[in-house]
Amino acid sequence: MRLTTKGRFAVTAMIDLAMRQGKGPVTLSGISQRQSISLSYLEQLFGKLRRHEIVESIRGPGGGYSLARKADKVTVADIIIAVDEPLDATQCGGKENCHGADHANGTRCMTHELWATLNEKMVDYLDSVSLQDLVDQQKAKAAAEQPVHVHRNSNQAALG
């Protein structure tokens with residue numbers, strides 16, 4: 001089972017975009033710099049995301065991308081499926097010919113059902129996590145990492 005960089009980068013870029021909603025269109029060059037993802041790669045990913053109506057593009061000066069629907073209405077599964085990321089742990093790629101085309105009877109391998117069930121569970125899980133959930137996690141993480149400043153009241157009397 002693997003999730004390639006295509007799926008990981010798409011989710012990362014979408015979190016970046018969602019965190020900046022309400023501040024105008026977000027440029028791919030900005031996402032590229034912040035997330036260290038190739039601009040040309042982002043252009044390919046966002047073309048697919050736009051075709052799946054997950055993002056919308058705004059042309060011209062000051063243009064960029066914004067979410068086509070609210071972040072709580074976009075799931076991780078939506079993003080990964082939009083960029084053509086296969087979520088398949090079976091050896092046969094879901095074709096039920098686990099032993100290859102050369103194998104005479106085209107039977108499933110003994111663990112096919114196990115991996116097919118894992119695929120279902122992965123999709124169910126990724127479909128249960130919204131983009132808003134991930135944004136909220138990032139905001140909570142950033143808040144937790146903020147240094148705490150203790151301000152002493154100069155009028156405070158020394159105890160002792």
# chains A, B, ... in the order shown; residues from 1 in each chain; ligands from 1
>>> residues_around(residues="range 15-18 of chain A", least_positions_apart="2", cutoff="12 Å", atoms="only C-alpha atoms", output="NGL selection string")
:A and (8-13 or 20-37 or 42 or 46 or 54-57 or 64-76 or 79 or 130-139)
>>> write_last_selection(atoms="N, CA and C atoms", output="compact mmCIF listing (two decimals), in the first residue's frame")
# COMPACT_ATOMS: atom_id res chain seq x y z
N ARG A 8 0.02 13.13 -1.77
CA ARG A 8 0.51 13.90 -0.62
C ARG A 8 0.64 15.37 -0.95
N PHE A 9 1.21 15.68 -2.11
CA PHE A 9 1.38 17.08 -2.50
C PHE A 9 0.04 17.76 -2.73
N ALA A 10 -0.91 17.04 -3.31
CA ALA A 10 -2.23 17.64 -3.56
C ALA A 10 -2.91 17.99 -2.24
N VAL A 11 -2.84 17.10 -1.26
CA VAL A 11 -3.47 17.37 0.04
C VAL A 11 -2.75 18.53 0.73
N THR A 12 -1.43 18.52 0.70
CA THR A 12 -0.65 19.60 1.32
C THR A 12 -0.99 20.95 0.69
N ALA A 13 -1.04 21.00 -0.63
CA ALA A 13 -1.35 22.25 -1.33
C ALA A 13 -2.77 22.72 -1.02
N ARG A 20 -5.77 29.96 3.68
CA ARG A 20 -5.71 31.35 3.22
C ARG A 20 -7.03 31.82 2.60
N GLN A 21 -8.09 31.05 2.76
CA GLN A 21 -9.39 31.45 2.23
C GLN A 21 -9.86 32.73 2.91
N GLY A 22 -10.55 33.55 2.16
CA GLY A 22 -11.06 34.80 2.70
C GLY A 22 -10.07 35.95 2.58
N LYS A 23 -8.89 35.64 2.08
CA LYS A 23 -7.86 36.69 1.91
C LYS A 23 -7.58 36.92 0.44
N GLY A 24 -8.48 36.49 -0.42
CA GLY A 24 -8.30 36.65 -1.86
C GLY A 24 -7.70 35.40 -2.46
N PRO A 25 -7.59 35.39 -3.80
CA PRO A 25 -7.05 34.22 -4.49
C PRO A 25 -5.62 33.92 -4.05
N VAL A 26 -5.28 32.64 -4.02
CA VAL A 26 -3.96 32.18 -3.61
C VAL A 26 -3.21 31.76 -4.86
N THR A 27 -1.99 32.25 -5.01
CA THR A 27 -1.20 31.90 -6.19
C THR A 27 -0.49 30.57 -6.00
N LEU A 28 -0.33 29.87 -7.10
CA LEU A 28 0.41 28.61 -7.04
C LEU A 28 1.87 28.87 -6.73
N SER A 29 2.40 30.01 -7.17
CA SER A 29 3.80 30.31 -6.85
C SER A 29 3.97 30.49 -5.35
N GLY A 30 2.97 31.06 -4.68
CA GLY A 30 3.02 31.19 -3.22
C GLY A 30 3.00 29.83 -2.54
N ILE A 31 2.12 28.96 -3.00
CA ILE A 31 2.05 27.60 -2.44
C ILE A 31 3.37 26.89 -2.70
N SER A 32 3.89 27.04 -3.91
CA SER A 32 5.14 26.41 -4.29
C SER A 32 6.27 26.81 -3.35
N GLN A 33 6.37 28.09 -3.05
CA GLN A 33 7.43 28.57 -2.15
C GLN A 33 7.22 28.08 -0.73
N ARG A 34 6.01 28.18 -0.22
CA ARG A 34 5.75 27.80 1.17
C ARG A 34 5.90 26.32 1.42
N GLN A 35 5.51 25.50 0.43
CA GLN A 35 5.47 24.05 0.62
C GLN A 35 6.60 23.31 -0.10
N SER A 36 7.45 24.03 -0.80
CA SER A 36 8.57 23.42 -1.54
C SER A 36 8.08 22.35 -2.52
N ILE A 37 7.08 22.73 -3.30
CA ILE A 37 6.53 21.86 -4.34
C ILE A 37 6.74 22.57 -5.67
N LEU A 42 2.44 21.65 -9.37
CA LEU A 42 1.21 22.23 -8.82
C LEU A 42 0.23 22.60 -9.93
N PHE A 46 -3.49 21.24 -9.89
CA PHE A 46 -4.61 22.16 -9.79
C PHE A 46 -5.49 22.14 -11.03
N ILE A 54 -13.17 21.27 -7.35
CA ILE A 54 -12.72 21.39 -5.97
C ILE A 54 -12.12 22.77 -5.75
N VAL A 55 -11.47 23.29 -6.78
CA VAL A 55 -10.94 24.66 -6.75
C VAL A 55 -11.47 25.40 -7.96
N GLU A 56 -11.40 26.72 -7.87
CA GLU A 56 -11.72 27.55 -9.03
C GLU A 56 -10.59 28.53 -9.23
N SER A 57 -10.37 28.86 -10.49
CA SER A 57 -9.27 29.78 -10.80
C SER A 57 -9.82 31.17 -11.11
N GLY A 64 -5.49 33.82 -9.00
CA GLY A 64 -4.97 32.64 -8.32
C GLY A 64 -6.09 31.62 -8.18
N TYR A 65 -6.06 30.90 -7.09
CA TYR A 65 -7.05 29.85 -6.85
C TYR A 65 -7.76 30.06 -5.53
N SER A 66 -9.00 29.59 -5.48
CA SER A 66 -9.75 29.55 -4.24
C SER A 66 -10.55 28.26 -4.24
N LEU A 67 -11.07 27.91 -3.08
CA LEU A 67 -11.89 26.70 -2.98
C LEU A 67 -13.20 26.91 -3.73
N ALA A 68 -13.64 25.89 -4.43
CA ALA A 68 -14.91 25.97 -5.15
C ALA A 68 -16.09 25.67 -4.23
N ARG A 69 -15.80 25.03 -3.11
CA ARG A 69 -16.83 24.80 -2.09
C ARG A 69 -16.17 24.90 -0.72
N LYS A 70 -16.97 24.97 0.31
CA LYS A 70 -16.42 25.15 1.65
C LYS A 70 -15.51 23.99 2.04
N ALA A 71 -14.49 24.30 2.85
CA ALA A 71 -13.49 23.31 3.25
C ALA A 71 -14.11 22.12 3.98
N ASP A 72 -15.22 22.33 4.67
CA ASP A 72 -15.84 21.20 5.36
C ASP A 72 -16.63 20.30 4.42
N LYS A 73 -16.74 20.71 3.15
CA LYS A 73 -17.44 19.91 2.14
C LYS A 73 -16.47 19.22 1.18
N VAL A 74 -15.17 19.34 1.44
CA VAL A 74 -14.14 18.69 0.62
C VAL A 74 -13.44 17.67 1.50
N THR A 75 -13.42 16.42 1.06
CA THR A 75 -12.74 15.39 1.84
C THR A 75 -11.37 15.08 1.24
N VAL A 76 -10.54 14.43 2.05
CA VAL A 76 -9.23 14.01 1.56
C VAL A 76 -9.42 13.03 0.39
N ILE A 79 -9.92 14.88 -2.86
CA ILE A 79 -8.67 15.44 -3.40
C ILE A 79 -7.84 14.36 -4.06
N SER A 130 -12.29 15.87 6.52
CA SER A 130 -12.51 17.01 5.64
C SER A 130 -11.27 17.90 5.60
N LEU A 131 -11.22 18.71 4.58
CA LEU A 131 -10.15 19.69 4.46
C LEU A 131 -10.19 20.64 5.67
N GLN A 132 -11.38 20.96 6.14
CA GLN A 132 -11.51 21.82 7.32
C GLN A 132 -10.91 21.16 8.55
N ASP A 133 -11.06 19.85 8.69
CA ASP A 133 -10.44 19.12 9.81
C ASP A 133 -8.93 19.33 9.80
N LEU A 134 -8.34 19.24 8.61
CA LEU A 134 -6.88 19.38 8.49
C LEU A 134 -6.44 20.82 8.76
N VAL A 135 -7.23 21.79 8.31
CA VAL A 135 -6.93 23.20 8.59
C VAL A 135 -7.00 23.44 10.09
N ASP A 136 -8.03 22.92 10.73
CA ASP A 136 -8.17 23.09 12.18
C ASP A 136 -6.99 22.47 12.93
N GLN A 137 -6.53 21.31 12.46
CA GLN A 137 -5.36 20.67 13.08
C GLN A 137 -4.13 21.56 12.95
N GLN A 138 -3.94 22.14 11.77
CA GLN A 138 -2.76 23.00 11.55
C GLN A 138 -2.83 24.25 12.42
N LYS A 139 -4.03 24.82 12.55
CA LYS A 139 -4.18 26.02 13.39
C LYS A 139 -3.92 25.68 14.85
>>> atom_distance(atom1="CA of Glu43 in chain A", atom2="CA of Gly62 in chain A")
16.9 Å
>>> atom_distance(atom1="CA of Val129 in chain A", atom2="CA of Ala77 in chain A")
8.0 Å
>>> residues_around(residues="Lys48 in chain A", least_positions_apart="6", cutoff="9 Å", atoms="only C-alpha atoms", output="list of chain:residue names")
A:Ile54, A:Ala82, A:Val83, A:Asp84
>>> closest_residue(among="A:Lys6, A:Ile58, A:Arg50, A:Tyr125", to="Ser38 in chain A", atoms="only C-alpha atoms")
A:Lys6
